[in-house]
Amino acid sequence: MTALPTADSRFRGNDTLSALDHEAQKIVAKYDEKRAAVLPLLHLAQDTIGYVTPEAMEWTAKWSEVPVVHVREVVTFYSMYHQKPVGKHHIRFCTGTSCVLRGCESQLNYLKKKLKIENGDVTPDGKFSLEEAECLCNCEGAPMMQVDKDYHVDLTEKKTDEILDGLK
Amino acid sequence: MANIVIDGKSFTVKDGITIIEAIDQVKSELPRYCYHPGLSIAGNCRICQVEVDKMPGTVIACNTRVAEGMVIHTQSEKAKDSQKVVLEFLLANHPLDCPVCDQAGECKLQDYYMEYGVYDSHFDETKVKKTKKGVSVGPTIMLDQERCILCSRCVRFGDEITKTHDFGIFGRGDRAKIDIYPGKELDNKYSGNVADICPVGALTDKDFRFKMRVWYLGKQESVCPGCSRGCNISVEFEKSRPYHLKNDRVMRLKPRENKDVNQWWMCDEGRYAYKSIDQNRIKAIKASRMNPQWKDTLEEVAGILKKASLSAWGLIASPQNTNEELYLTKRLFLDTLKWKQAAFKAPGQDGFEDNFLIKKDKNPNTLGAEKILNLGANEDMTAIVEKAKRGELEGLFIFNHDLAKIFGAETLKVIRQKVKTIIYQGTNLNPTAEIADIVLPAVTYAEKDGTFTNFEGRVQRIRKAVEPFAGTLPDWDILLNLAGLLGLTLKYLRPEHIFDDLAKENSAFKEMNYKKLGNTGLIWSQ
């Protein structure tokens with residue numbers, strides 16, 4: 001049995017989670033059924049810690065009263081929950097059909113070369129992480145990528161440079 | 001009630017049941033993976049496709065309710081086509097490793113492929129490989145992720161039956177896989193059931209896997225003797241390969257459906273207790289002469305019993321014995337020999353109990369013994385044992401109980417010193433059998449016919465699955481022979497005849513007979 005990577009206890013451990021208890025209470029109160037709070041609780045934990053730790057799953061299970069094994073089902077089902085640390089800026093690069101047709105492959109390769117990482121990796125300085133994503137529903141702007149919460153469309157090598165170099 | 005038509009035949013079924021329930025009730029056939037009558041409806045395997053007149057396409061029978069006038073086709077071209085297409089999808093990422101899979105022979109993928117599939121694969125793509133193959137997930141179960149078709153029966157079993165929430169489906173799409181939570185184990189008192197309900201070879205039973213191909217197994221309907229619940233089981237034994245595993249005859253126990261007793265389940269304690277049928281058995285008679293045979297041993301016992309004084313002998317009967325055997329025990333020792341000291345209950349032997357199947361009384365027939373022997377306040381054996389310790393008894397006739405286990409080795413030692421003659425009749429070796437003067441080797445529940453009465457007064461049949469070992473006899477047969485030698489002529493050929501007399505004499509068993517007991521048993525009339 002391989003155990004999940006555990007959170008760095010210095011600043012990502014249970015103390016962080018118990019500090020969220022008050023907010024969790026408010027989230028749970030919004031729904032008729034506690035289990036409906038699983039997704040927002042996981043988002044809250046991820047936004048705070050950076051990714052969904054096993055402790056965060058336990059914490060979500062406690063508040064939503066959903067068995068932790070089923071919380072993990074949810075975490076592994078949705079690609080927007082991360083089970084390991086991501087970079088300060090998380091890039092989701094679209095590899096959907098339209099993007100492939102508009103030549104995303106060369107753009108993706110350029111990005112990989114620029115950051116010196118592969119799909120699923122984090123740069124050594126922790127600034128960027130890359131995830132090849134299925135269609136992000138912005139086909140009119142293909143090829144495109146999502147950096148944190150922003151969409152960047154009609155990518156060229158120049159544009160990619162500008163976007164990434166402009167980030168702190 | 002709703003009038004429906006299934007494959008051209010008219011039936012009247014209860015309103016609101018699902019099509020698959022109706023099909024099962026009228027004993028028709030339909031493939032299924034995720035549907036299990038004991039679990040909630042998942043509707044995810046999609047194999048149970050049927051055609052319903054006036055409904056577009058085909059529908060799944062497990063999640064469609066019957067309605068008045070519904071005309072259902074399970075064998076039409078449209079229905080069979082749908083079933084076939086679904087099967088092809090289910091097999092898309094299946095490794096087809098049947099030759100090395102322990103489920104082969106009782107695998108629903110294999111069975112349905114032969115019945116509903118038989119296509120040439122359209123699949124040119126590389127199969128998605130799951131990572132865990134032959135991985136232990138707990139003390140009883142092995143997991144093989146790539147054979148799994150994600151029917152979620154094991155997930156629902158953990159959520160709904162044991163409430164231990166063991167399994168989950170992680171990931172999604174063709175990468176979704178069944179597993180337990182990282183770092184945890186599948187370790188509950190009913191874990192073996194997940195191997196039963198897994199329709200494919202994804203979850204297999206560690207105890208049984210690779211012991212024997214299932215087509216070599218014989219099956220006999222019986223009742224688990226592990227506690228007073230009396231779960232209905234099927235004893236599965238080696239039928240046609242006597243050279244394969246020399247001394248192990250019984251290979252496994254499987255639960256058998258009985259909605260009133262155990263539904264579809266059984267506990268692990270009962271499931272894996274079958275080994276005492278073949279191991280550690282008493283196979284040789286012990287008596288005063290060398291190389292004793294049944295005839296001269298029983299004559300010796302009869303001689304001893306004839307001379308025994310009523311007040312100086314104690315009988316310790318067994319709630320492990322069948323109703324029939326207890327009835328003969330009563331006729332012989334209480335009615336004929338008129339012994340004054342008799343008991344059957346062992347003190348302090350209660351075990352684990354839960355509010356599902358497991359009962360704390362680990363005997364299958366305590367209630368039968370109570371009702372048949374009718375000893376009232378004297379049923380506890382402590383008084384007899386105390387007397388034996390004080391040297392007030394000349395002899396003891398003990399069925400099955402191990403006094404060392406109940407009262408401690410020291411007590412047994414004292415009894416051995418103080419009691420002149422100890423006769424032991426039982427199935428398995430133990431310290432009490434070792435110190436007895438005469439040992440009569442009896443057979444286990446898997447080697448004889450009879451009935452047990454469970455904790456709620458349900459009388460259920462056990463049936464002979466395997467032949468007794470050479471040199472052993474069923475308790476009822478031993479008792480019949482002894483009775484004959486003691487002048488009590490009883491003309492019974494089979495336990496069934498004994499039961500008929502018991503039913504005549506004891507009002508609890510009134511009007512019962514083997515035929516009426518059937519496969520699921522009957523509850524006492526009072």
# chains A, B, ... in the order shown; residues from 1 in each chain; ligands from 1
$ select_by_dssp --residues "chain A" --states "strand (DSSP E or B)" --output "PyMOL selection string"
chain A and resi 89-94+122+128-133+145-147+150-152
$ residues_around --residues "Cys148 of chain B" --least-positions-apart "4" --cutoff "9 Å" --atoms "only C-alpha atoms" --output "number ranges by chain"
B: 94, 143-144, 177-178, 198-203
$ closest_residue --among "B:Asp179, B:His73, B:Gly57, B:Glu146" --to "chain A" --atoms "only C-alpha atoms"
B:Asp179
$ interface_residues --of "chain B" --to "chain A" --cutoff "12 Å" --atoms "only C-alpha atoms" --output "short mmCIF file (atom, residue, chain, number, x, y, z; two decimals) with all heavy atoms, in the first residue's frame"
data_model
loop_
_atom_site.label_atom_id
_atom_site.label_comp_id
_atom_site.auth_asym_id
_atom_site.auth_seq_id
_atom_site.Cartn_x
_atom_site.Cartn_y
_atom_site.Cartn_z
N LYS B 132 -2.61 -2.29 -10.31
CA LYS B 132 -2.54 -3.33 -9.29
C LYS B 132 -3.07 -4.67 -9.80
O LYS B 132 -4.24 -4.81 -10.13
CB LYS B 132 -3.33 -2.90 -8.06
CG LYS B 132 -2.63 -1.80 -7.29
CD LYS B 132 -3.32 -1.50 -5.99
CE LYS B 132 -2.59 -0.38 -5.25
NZ LYS B 132 -3.35 0.08 -4.09
N VAL B 135 -2.87 -7.96 -5.87
CA VAL B 135 -2.40 -7.22 -4.70
C VAL B 135 -3.31 -7.52 -3.52
O VAL B 135 -4.53 -7.54 -3.65
CB VAL B 135 -2.40 -5.70 -5.00
CG1 VAL B 135 -2.12 -4.90 -3.74
CG2 VAL B 135 -1.38 -5.38 -6.08
N SER B 136 -2.71 -7.74 -2.36
CA SER B 136 -3.50 -8.00 -1.17
C SER B 136 -4.14 -6.71 -0.68
O SER B 136 -3.48 -5.69 -0.58
CB SER B 136 -2.59 -8.57 -0.08
OG SER B 136 -3.28 -8.57 1.16
N VAL B 137 -5.45 -6.76 -0.39
CA VAL B 137 -6.09 -5.57 0.17
C VAL B 137 -6.55 -5.80 1.60
O VAL B 137 -7.19 -4.95 2.20
CB VAL B 137 -7.30 -5.08 -0.69
CG1 VAL B 137 -6.81 -4.48 -1.98
CG2 VAL B 137 -8.28 -6.21 -0.94
N GLY B 138 -6.26 -6.97 2.14
CA GLY B 138 -6.67 -7.27 3.51
C GLY B 138 -6.39 -8.73 3.79
O GLY B 138 -5.87 -9.44 2.93
N LEU B 143 -6.83 -8.25 -4.78
CA LEU B 143 -7.42 -7.33 -5.76
C LEU B 143 -6.64 -7.40 -7.07
O LEU B 143 -5.42 -7.42 -7.08
CB LEU B 143 -7.38 -5.90 -5.22
CG LEU B 143 -7.62 -4.76 -6.22
CD1 LEU B 143 -9.05 -4.78 -6.73
CD2 LEU B 143 -7.31 -3.42 -5.60
N VAL B 155 -18.19 -1.68 -3.58
CA VAL B 155 -18.30 -0.34 -2.97
C VAL B 155 -19.60 -0.26 -2.19
O VAL B 155 -19.64 0.16 -1.03
CB VAL B 155 -18.26 0.76 -4.06
CG1 VAL B 155 -18.40 2.14 -3.43
CG2 VAL B 155 -16.98 0.68 -4.87
N ARG B 156 -20.68 -0.71 -2.83
CA ARG B 156 -21.99 -0.63 -2.18
C ARG B 156 -22.08 -1.59 -0.99
O ARG B 156 -22.72 -1.30 0.01
CB ARG B 156 -23.09 -0.94 -3.20
CG ARG B 156 -23.37 0.25 -4.12
CD ARG B 156 -24.33 -0.13 -5.23
NE ARG B 156 -23.68 -0.88 -6.27
CZ ARG B 156 -24.25 -1.82 -6.99
NH1 ARG B 156 -25.51 -2.14 -6.78
NH2 ARG B 156 -23.59 -2.46 -7.94
N GLY B 158 -19.68 -2.31 1.07
CA GLY B 158 -19.02 -1.61 2.18
C GLY B 158 -19.86 -0.45 2.72
O GLY B 158 -19.85 -0.16 3.91
N ASP B 159 -20.59 0.21 1.83
CA ASP B 159 -21.40 1.36 2.26
C ASP B 159 -22.70 0.92 2.92
O ASP B 159 -23.16 1.53 3.88
CB ASP B 159 -21.75 2.23 1.04
CG ASP B 159 -20.56 3.04 0.55
OD1 ASP B 159 -19.58 3.15 1.31
OD2 ASP B 159 -20.60 3.54 -0.57
N LYS B 163 -21.11 -1.10 6.38
CA LYS B 163 -20.94 0.31 6.76
C LYS B 163 -19.48 0.63 7.10
O LYS B 163 -19.18 1.50 7.90
CB LYS B 163 -21.82 0.69 7.96
CG LYS B 163 -23.26 0.23 7.86
CD LYS B 163 -24.16 1.33 7.34
CE LYS B 163 -25.63 1.09 7.52
NZ LYS B 163 -26.18 -0.18 7.09
N THR B 164 -18.56 -0.09 6.47
CA THR B 164 -17.15 0.16 6.73
C THR B 164 -16.52 1.00 5.63
O THR B 164 -15.36 1.39 5.75
CB THR B 164 -16.38 -1.18 6.85
OG1 THR B 164 -16.81 -2.05 5.79
CG2 THR B 164 -16.66 -1.86 8.17
N HIS B 165 -17.26 1.26 4.56
CA HIS B 165 -16.80 2.14 3.47
C HIS B 165 -15.39 1.80 3.02
O HIS B 165 -14.47 2.60 3.13
CB HIS B 165 -16.88 3.61 3.90
CG HIS B 165 -18.20 3.96 4.54
ND1 HIS B 165 -19.37 4.01 3.83
CD2 HIS B 165 -18.54 4.22 5.82
CE1 HIS B 165 -20.36 4.32 4.64
NE2 HIS B 165 -19.88 4.43 5.86
N ASP B 166 -15.21 0.59 2.54
CA ASP B 166 -13.86 0.12 2.21
C ASP B 166 -13.41 0.54 0.81
O ASP B 166 -12.35 1.11 0.64
CB ASP B 166 -13.82 -1.40 2.30
CG ASP B 166 -14.35 -1.91 3.61
OD1 ASP B 166 -13.72 -1.59 4.62
OD2 ASP B 166 -15.40 -2.57 3.62
N PHE B 167 -14.24 0.23 -0.19
CA PHE B 167 -13.80 0.43 -1.57
C PHE B 167 -14.28 1.76 -2.14
O PHE B 167 -15.32 2.29 -1.74
CB PHE B 167 -14.33 -0.70 -2.46
CG PHE B 167 -13.65 -2.01 -2.23
CD1 PHE B 167 -14.21 -2.96 -1.40
CD2 PHE B 167 -12.44 -2.30 -2.86
CE1 PHE B 167 -13.58 -4.17 -1.19
CE2 PHE B 167 -11.81 -3.51 -2.66
CZ PHE B 167 -12.38 -4.45 -1.82
N GLY B 168 -13.52 2.25 -3.11
CA GLY B 168 -13.94 3.41 -3.87
C GLY B 168 -13.48 3.23 -5.30
O GLY B 168 -12.61 2.40 -5.59
N ILE B 169 -14.07 4.02 -6.21
CA ILE B 169 -13.61 4.03 -7.59
C ILE B 169 -12.85 5.32 -7.80
O ILE B 169 -13.41 6.41 -7.71
CB ILE B 169 -14.79 3.91 -8.58
CG1 ILE B 169 -15.44 2.54 -8.41
CG2 ILE B 169 -14.30 4.10 -10.02
CD1 ILE B 169 -16.73 2.37 -9.19
N PHE B 170 -11.56 5.21 -8.02
CA PHE B 170 -10.70 6.38 -8.12
C PHE B 170 -10.36 6.66 -9.58
O PHE B 170 -10.22 5.75 -10.38
CB PHE B 170 -9.43 6.18 -7.30
CG PHE B 170 -9.72 5.88 -5.85
CD1 PHE B 170 -9.16 4.79 -5.23
CD2 PHE B 170 -10.58 6.70 -5.12
CE1 PHE B 170 -9.45 4.52 -3.89
CE2 PHE B 170 -10.87 6.44 -3.80
CZ PHE B 170 -10.30 5.33 -3.18
N GLY B 171 -10.19 7.96 -9.89
CA GLY B 171 -9.92 8.35 -11.27
C GLY B 171 -11.20 8.32 -12.07
O GLY B 171 -12.28 8.19 -11.53
N ARG B 172 -11.08 8.48 -13.38
CA ARG B 172 -12.30 8.47 -14.18
C ARG B 172 -12.02 7.95 -15.59
O ARG B 172 -10.88 7.76 -15.98
CB ARG B 172 -12.90 9.86 -14.26
CG ARG B 172 -12.01 10.84 -14.95
CD ARG B 172 -12.78 12.11 -15.23
NE ARG B 172 -11.89 13.24 -15.22
CZ ARG B 172 -12.20 14.44 -15.70
NH1 ARG B 172 -13.39 14.65 -16.20
NH2 ARG B 172 -11.35 15.42 -15.67
N GLY B 173 -13.12 7.75 -16.30
CA GLY B 173 -13.02 7.26 -17.66
C GLY B 173 -12.38 5.88 -17.70
O GLY B 173 -12.58 5.08 -16.79
N ASP B 174 -11.56 5.65 -18.72
CA ASP B 174 -10.96 4.31 -18.82
C ASP B 174 -9.79 4.13 -17.87
O ASP B 174 -9.21 3.06 -17.80
CB ASP B 174 -10.55 4.00 -20.27
CG ASP B 174 -9.61 5.05 -20.84
OD1 ASP B 174 -9.15 5.92 -20.06
OD2 ASP B 174 -9.34 5.00 -22.04
N ARG B 175 -9.48 5.20 -17.13
CA ARG B 175 -8.43 5.04 -16.12
C ARG B 175 -9.00 4.81 -14.72
O ARG B 175 -8.26 4.65 -13.76
CB ARG B 175 -7.51 6.26 -16.11
CG ARG B 175 -6.57 6.33 -17.31
CD ARG B 175 -6.25 7.75 -17.63
NE ARG B 175 -7.48 8.49 -17.97
CZ ARG B 175 -7.54 9.80 -18.11
NH1 ARG B 175 -6.49 10.53 -17.94
NH2 ARG B 175 -8.70 10.38 -18.43
N ALA B 176 -10.32 4.84 -14.61
CA ALA B 176 -10.94 4.61 -13.31
C ALA B 176 -10.61 3.22 -12.82
O ALA B 176 -10.57 2.27 -13.59
CB ALA B 176 -12.45 4.79 -13.43
N LYS B 177 -10.36 3.12 -11.52
CA LYS B 177 -10.04 1.81 -10.98
C LYS B 177 -10.56 1.65 -9.56
O LYS B 177 -10.71 2.63 -8.82
CB LYS B 177 -8.53 1.56 -11.04
CG LYS B 177 -7.74 2.64 -10.37
CD LYS B 177 -6.26 2.46 -10.64
CE LYS B 177 -5.47 3.49 -9.88
NZ LYS B 177 -4.68 4.37 -10.70
N ILE B 178 -10.81 0.41 -9.24
CA ILE B 178 -11.31 0.11 -7.91
C ILE B 178 -10.12 -0.02 -6.96
O ILE B 178 -9.08 -0.52 -7.34
CB ILE B 178 -12.12 -1.21 -7.96
CG1 ILE B 178 -13.13 -1.27 -6.85
CG2 ILE B 178 -11.23 -2.44 -7.91
CD1 ILE B 178 -14.43 -0.65 -7.22
N ASP B 179 -10.28 0.48 -5.75
CA ASP B 179 -9.21 0.30 -4.75
C ASP B 179 -9.78 0.63 -3.38
O ASP B 179 -10.88 1.18 -3.27
CB ASP B 179 -8.02 1.24 -5.05
CG ASP B 179 -6.70 0.67 -4.52
OD1 ASP B 179 -6.76 -0.26 -3.68
OD2 ASP B 179 -5.64 1.15 -4.94
N ILE B 180 -9.02 0.30 -2.36
CA ILE B 180 -9.39 0.76 -1.03
C ILE B 180 -8.57 2.00 -0.71
O ILE B 180 -7.60 2.29 -1.39
CB ILE B 180 -9.21 -0.33 0.05
CG1 ILE B 180 -7.80 -0.88 0.00
CG2 ILE B 180 -10.21 -1.43 -0.13
CD1 ILE B 180 -7.51 -1.79 1.13
N TYR B 181 -8.95 2.74 0.32
CA TYR B 181 -8.27 3.99 0.63
C TYR B 181 -6.80 3.70 0.96
O TYR B 181 -6.51 2.76 1.70
CB TYR B 181 -8.96 4.67 1.82
CG TYR B 181 -8.54 6.10 2.00
CD1 TYR B 181 -9.10 7.08 1.21
CD2 TYR B 181 -7.59 6.44 2.95
CE1 TYR B 181 -8.71 8.41 1.35
CE2 TYR B 181 -7.20 7.76 3.10
CZ TYR B 181 -7.77 8.74 2.30
OH TYR B 181 -7.38 10.05 2.45
N PRO B 182 -5.88 4.51 0.40
CA PRO B 182 -4.46 4.23 0.62
C PRO B 182 -4.12 4.10 2.11
O PRO B 182 -4.56 4.91 2.92
CB PRO B 182 -3.77 5.47 0.02
CG PRO B 182 -4.75 6.00 -0.98
CD PRO B 182 -6.10 5.69 -0.44
N GLY B 183 -3.39 3.06 2.41
CA GLY B 183 -2.96 2.85 3.79
C GLY B 183 -3.97 2.09 4.64
O GLY B 183 -3.66 1.69 5.75
N LYS B 184 -5.18 1.90 4.10
CA LYS B 184 -6.17 1.15 4.89
C LYS B 184 -6.23 -0.30 4.42
O LYS B 184 -5.67 -0.66 3.39
CB LYS B 184 -7.54 1.82 4.76
CG LYS B 184 -7.60 3.10 5.55
CD LYS B 184 -9.04 3.52 5.82
CE LYS B 184 -9.01 4.80 6.66
NZ LYS B 184 -10.30 5.47 6.70
N GLU B 185 -6.94 -1.11 5.17
CA GLU B 185 -7.09 -2.52 4.82
C GLU B 185 -8.56 -2.90 4.78
O GLU B 185 -9.37 -2.33 5.51
CB GLU B 185 -6.41 -3.38 5.88
CG GLU B 185 -4.96 -3.63 5.67
CD GLU B 185 -4.53 -4.94 6.32
OE1 GLU B 185 -4.95 -5.18 7.47
OE2 GLU B 185 -3.81 -5.72 5.68
N LEU B 186 -8.88 -3.85 3.93
CA LEU B 186 -10.22 -4.43 3.96
C LEU B 186 -10.22 -5.47 5.07
O LEU B 186 -9.71 -6.57 4.90
CB LEU B 186 -10.55 -5.10 2.63
CG LEU B 186 -11.85 -5.91 2.63
CD1 LEU B 186 -13.05 -5.01 2.78
CD2 LEU B 186 -11.99 -6.73 1.38
#
$ select_by_dssp --residues "segment 172-400 of chain B" --states "alpha helix (DSSP H)" --output "ChimeraX atom specification"
/B:193-197,268-271,294-307,323-329,366-373,382-389
$ atom_distance --atom1 "atom CA of Leu479 of chain B" --atom2 "atom CA of Val459 of chain B"
21.4 Å
$ residues_around --residues "Glu118 of chain A" --least-positions-apart "3" --cutoff "10 Å" --atoms "only C-alpha atoms" --output "compact mmCIF listing (two decimals) with C-alpha atoms, in the first residue's frame"
# COMPACT_ATOMS: atom_id res chain seq x y z
CA LEU A 108 3.18 23.18 -26.04
CA ASN A 109 6.66 21.98 -26.96
CA LEU A 111 6.44 26.05 -23.44
CA LYS A 112 8.00 22.83 -22.18
CA LYS A 113 11.37 23.83 -23.57
CA LEU A 115 10.20 26.07 -18.62
CA ASP A 121 6.05 18.69 -13.39
CA VAL A 122 6.84 21.77 -11.33
CA THR A 123 9.79 24.03 -12.15
CA SER A 129 3.64 23.80 -13.01
CA LEU A 130 2.25 22.32 -16.21
CA GLU A 131 -0.79 20.17 -16.84
CA GLU A 132 -1.97 19.07 -20.28
$ residues_around --residues "Tyr116 of chain B" --least-positions-apart "4" --cutoff "12 Å" --atoms "only C-alpha atoms" --output "list in words"
Glu29, Leu30, Pro31, Arg32, Ile47, Cys48, Gln49, Thr74, Gln75, Ser76, Glu77, Ala79, Lys80, Asp81, Ser82, Gln83, Lys84, Val85, Val86, Leu87, Glu88, Lys108, Leu109, Gln110, Asp111 and Tyr112 of chain B
$ write_last_selection --atoms "N, CA, C and O atoms" --output "short mmCIF file (atom, residue, chain, number, x, y, z; two decimals), in the first residue's frame"
data_model
loop_
_atom_site.label_atom_id
_atom_site.label_comp_id
_atom_site.auth_asym_id
_atom_site.auth_seq_id
_atom_site.Cartn_x
_atom_site.Cartn_y
_atom_site.Cartn_z
N GLU B 29 -34.25 -15.56 -17.57
CA GLU B 29 -32.81 -15.25 -17.56
C GLU B 29 -32.54 -13.86 -18.07
O GLU B 29 -33.20 -13.40 -19.01
N LEU B 30 -31.57 -13.19 -17.48
CA LEU B 30 -31.10 -11.91 -18.00
C LEU B 30 -29.70 -11.66 -17.43
O LEU B 30 -29.48 -11.87 -16.24
N PRO B 31 -28.75 -11.23 -18.27
CA PRO B 31 -27.41 -10.99 -17.73
C PRO B 31 -27.41 -9.79 -16.79
O PRO B 31 -28.22 -8.88 -16.94
N ARG B 32 -26.53 -9.79 -15.80
CA ARG B 32 -26.37 -8.65 -14.90
C ARG B 32 -24.99 -8.70 -14.26
O ARG B 32 -24.45 -9.77 -14.01
N ILE B 47 -25.62 -3.95 -18.73
CA ILE B 47 -25.74 -5.19 -19.50
C ILE B 47 -27.18 -5.72 -19.54
O ILE B 47 -27.55 -6.46 -20.44
N CYS B 48 -28.01 -5.34 -18.56
CA CYS B 48 -29.34 -5.94 -18.47
C CYS B 48 -30.35 -5.26 -19.40
O CYS B 48 -31.46 -4.94 -19.01
N GLN B 49 -29.93 -5.04 -20.64
CA GLN B 49 -30.79 -4.35 -21.62
C GLN B 49 -31.97 -5.22 -22.03
O GLN B 49 -31.80 -6.39 -22.37
N THR B 74 -36.66 -10.00 -23.66
CA THR B 74 -35.26 -10.15 -23.23
C THR B 74 -34.42 -10.81 -24.32
O THR B 74 -33.20 -10.74 -24.28
N GLN B 75 -35.10 -11.44 -25.27
CA GLN B 75 -34.38 -12.23 -26.26
C GLN B 75 -34.53 -11.68 -27.68
O GLN B 75 -34.05 -12.29 -28.63
N SER B 76 -35.22 -10.53 -27.82
CA SER B 76 -35.43 -10.00 -29.17
C SER B 76 -34.09 -9.55 -29.76
O SER B 76 -33.11 -9.35 -29.03
N GLU B 77 -34.07 -9.35 -31.07
CA GLU B 77 -32.82 -8.98 -31.72
C GLU B 77 -32.28 -7.67 -31.14
O GLU B 77 -31.09 -7.54 -30.87
N ALA B 79 -32.85 -6.35 -28.16
CA ALA B 79 -32.34 -6.53 -26.80
C ALA B 79 -30.98 -7.21 -26.84
O ALA B 79 -30.03 -6.78 -26.18
N LYS B 80 -30.88 -8.28 -27.61
CA LYS B 80 -29.63 -9.05 -27.64
C LYS B 80 -28.49 -8.24 -28.23
O LYS B 80 -27.35 -8.35 -27.79
N ASP B 81 -28.82 -7.41 -29.24
CA ASP B 81 -27.80 -6.53 -29.82
C ASP B 81 -27.24 -5.57 -28.78
O ASP B 81 -26.04 -5.37 -28.68
N SER B 82 -28.16 -4.97 -28.00
CA SER B 82 -27.73 -4.03 -26.97
C SER B 82 -26.85 -4.72 -25.94
O SER B 82 -25.82 -4.18 -25.53
N GLN B 83 -27.28 -5.90 -25.51
CA GLN B 83 -26.50 -6.63 -24.51
C GLN B 83 -25.09 -6.91 -25.04
O GLN B 83 -24.09 -6.77 -24.32
N LYS B 84 -25.03 -7.28 -26.30
CA LYS B 84 -23.76 -7.62 -26.91
C LYS B 84 -22.82 -6.41 -27.00
O LYS B 84 -21.64 -6.50 -26.69
N VAL B 85 -23.38 -5.27 -27.41
CA VAL B 85 -22.58 -4.06 -27.53
C VAL B 85 -22.02 -3.65 -26.17
O VAL B 85 -20.84 -3.30 -26.03
N VAL B 86 -22.89 -3.73 -25.15
CA VAL B 86 -22.44 -3.37 -23.81
C VAL B 86 -21.31 -4.29 -23.36
O VAL B 86 -20.30 -3.86 -22.81
N LEU B 87 -21.48 -5.57 -23.63
CA LEU B 87 -20.47 -6.54 -23.23
C LEU B 87 -19.13 -6.23 -23.90
O LEU B 87 -18.07 -6.33 -23.29
N GLU B 88 -19.21 -5.83 -25.16
CA GLU B 88 -17.98 -5.52 -25.87
C GLU B 88 -17.25 -4.34 -25.22
O GLU B 88 -16.03 -4.34 -25.09
N LYS B 108 -18.76 -14.15 -14.64
CA LYS B 108 -19.90 -13.71 -15.45
C LYS B 108 -19.47 -13.12 -16.78
O LYS B 108 -20.24 -13.11 -17.73
N LEU B 109 -18.22 -12.61 -16.86
CA LEU B 109 -17.74 -12.13 -18.15
C LEU B 109 -17.61 -13.29 -19.12
O LEU B 109 -18.03 -13.23 -20.27
N GLN B 110 -17.03 -14.39 -18.62
CA GLN B 110 -16.89 -15.59 -19.46
C GLN B 110 -18.26 -16.13 -19.86
O GLN B 110 -18.53 -16.40 -21.03
N ASP B 111 -19.11 -16.28 -18.85
CA ASP B 111 -20.42 -16.90 -19.09
C ASP B 111 -21.23 -16.09 -20.11
O ASP B 111 -21.77 -16.64 -21.05
N TYR B 112 -21.28 -14.78 -19.86
CA TYR B 112 -22.12 -13.96 -20.74
C TYR B 112 -21.50 -13.81 -22.12
O TYR B 112 -22.20 -13.62 -23.10
#
$ atom_distance --atom1 "atom CA of Arg92 of chain A" --atom2 "atom CA of Asp148 of chain A"
8.0 Å
$ closest_residue --among "B:Lys362, B:Lys189, B:Arg229, B:Arg46" --to "Leu150 of chain B" --atoms "only C-alpha atoms"
B:Arg46
$ residues_around --residues "segment 397-412 of chain B" --least-positions-apart "4" --cutoff "7 Å" --atoms "only C-alpha atoms" --output "NGL selection string"
:B and (314-318 or 346 or 416 or 422-427 or 430-432)
$ write_last_selection --atoms "N, CA and C atoms" --output "CSV table (one decimal), in the first residue's frame"
chain,number,residue,atom,x,y,z
B,314,GLY,N,-22.6,-39.1,34.7
B,314,GLY,CA,-23.1,-37.8,34.2
B,314,GLY,C,-23.0,-37.8,32.7
B,315,LEU,N,-24.1,-37.2,32.1
B,315,LEU,CA,-24.1,-37.0,30.7
B,315,LEU,C,-23.9,-35.6,30.3
B,316,ILE,N,-22.9,-35.3,29.4
B,316,ILE,CA,-22.7,-34.0,28.9
B,316,ILE,C,-23.0,-34.0,27.4
B,317,ALA,N,-24.2,-33.7,27.1
B,317,ALA,CA,-24.7,-33.7,25.6
B,317,ALA,C,-24.2,-32.5,24.9
B,318,SER,N,-24.4,-32.4,23.6
B,318,SER,CA,-23.8,-31.3,22.8
B,318,SER,C,-24.8,-30.6,22.0
B,346,ALA,N,-22.3,-25.2,28.1
B,346,ALA,CA,-21.0,-24.9,28.6
B,346,ALA,C,-21.0,-23.4,29.1
B,416,ARG,N,-9.9,-36.3,35.6
B,416,ARG,CA,-9.3,-37.5,35.1
B,416,ARG,C,-8.9,-38.4,36.3
B,422,ILE,N,-14.3,-42.4,31.6
B,422,ILE,CA,-14.7,-41.2,30.8
B,422,ILE,C,-14.9,-41.7,29.3
B,423,ILE,N,-16.1,-41.6,28.8
B,423,ILE,CA,-16.4,-41.9,27.4
B,423,ILE,C,-16.5,-40.6,26.6
B,424,TYR,N,-15.8,-40.5,25.5
B,424,TYR,CA,-15.9,-39.3,24.7
B,424,TYR,C,-16.4,-39.6,23.3
B,425,GLN,N,-17.4,-38.9,22.9
B,425,GLN,CA,-17.8,-39.1,21.5
B,425,GLN,C,-17.8,-37.7,20.8
B,426,GLY,N,-16.9,-37.6,19.8
B,426,GLY,CA,-16.8,-36.3,19.1
B,426,GLY,C,-16.1,-36.4,17.8
B,427,THR,N,-15.8,-35.2,17.2
B,427,THR,CA,-15.3,-35.2,15.9
B,427,THR,C,-13.8,-34.8,15.8
B,430,ASN,N,-8.9,-33.1,20.9
B,430,ASN,CA,-8.8,-32.1,22.0
B,430,ASN,C,-8.3,-32.8,23.2
B,431,PRO,N,-7.9,-32.0,24.2
B,431,PRO,CA,-7.4,-32.6,25.5
B,431,PRO,C,-8.4,-33.6,26.1
B,432,THR,N,-9.7,-33.3,26.1
B,432,THR,CA,-10.6,-34.2,26.7
B,432,THR,C,-10.7,-35.5,26.0
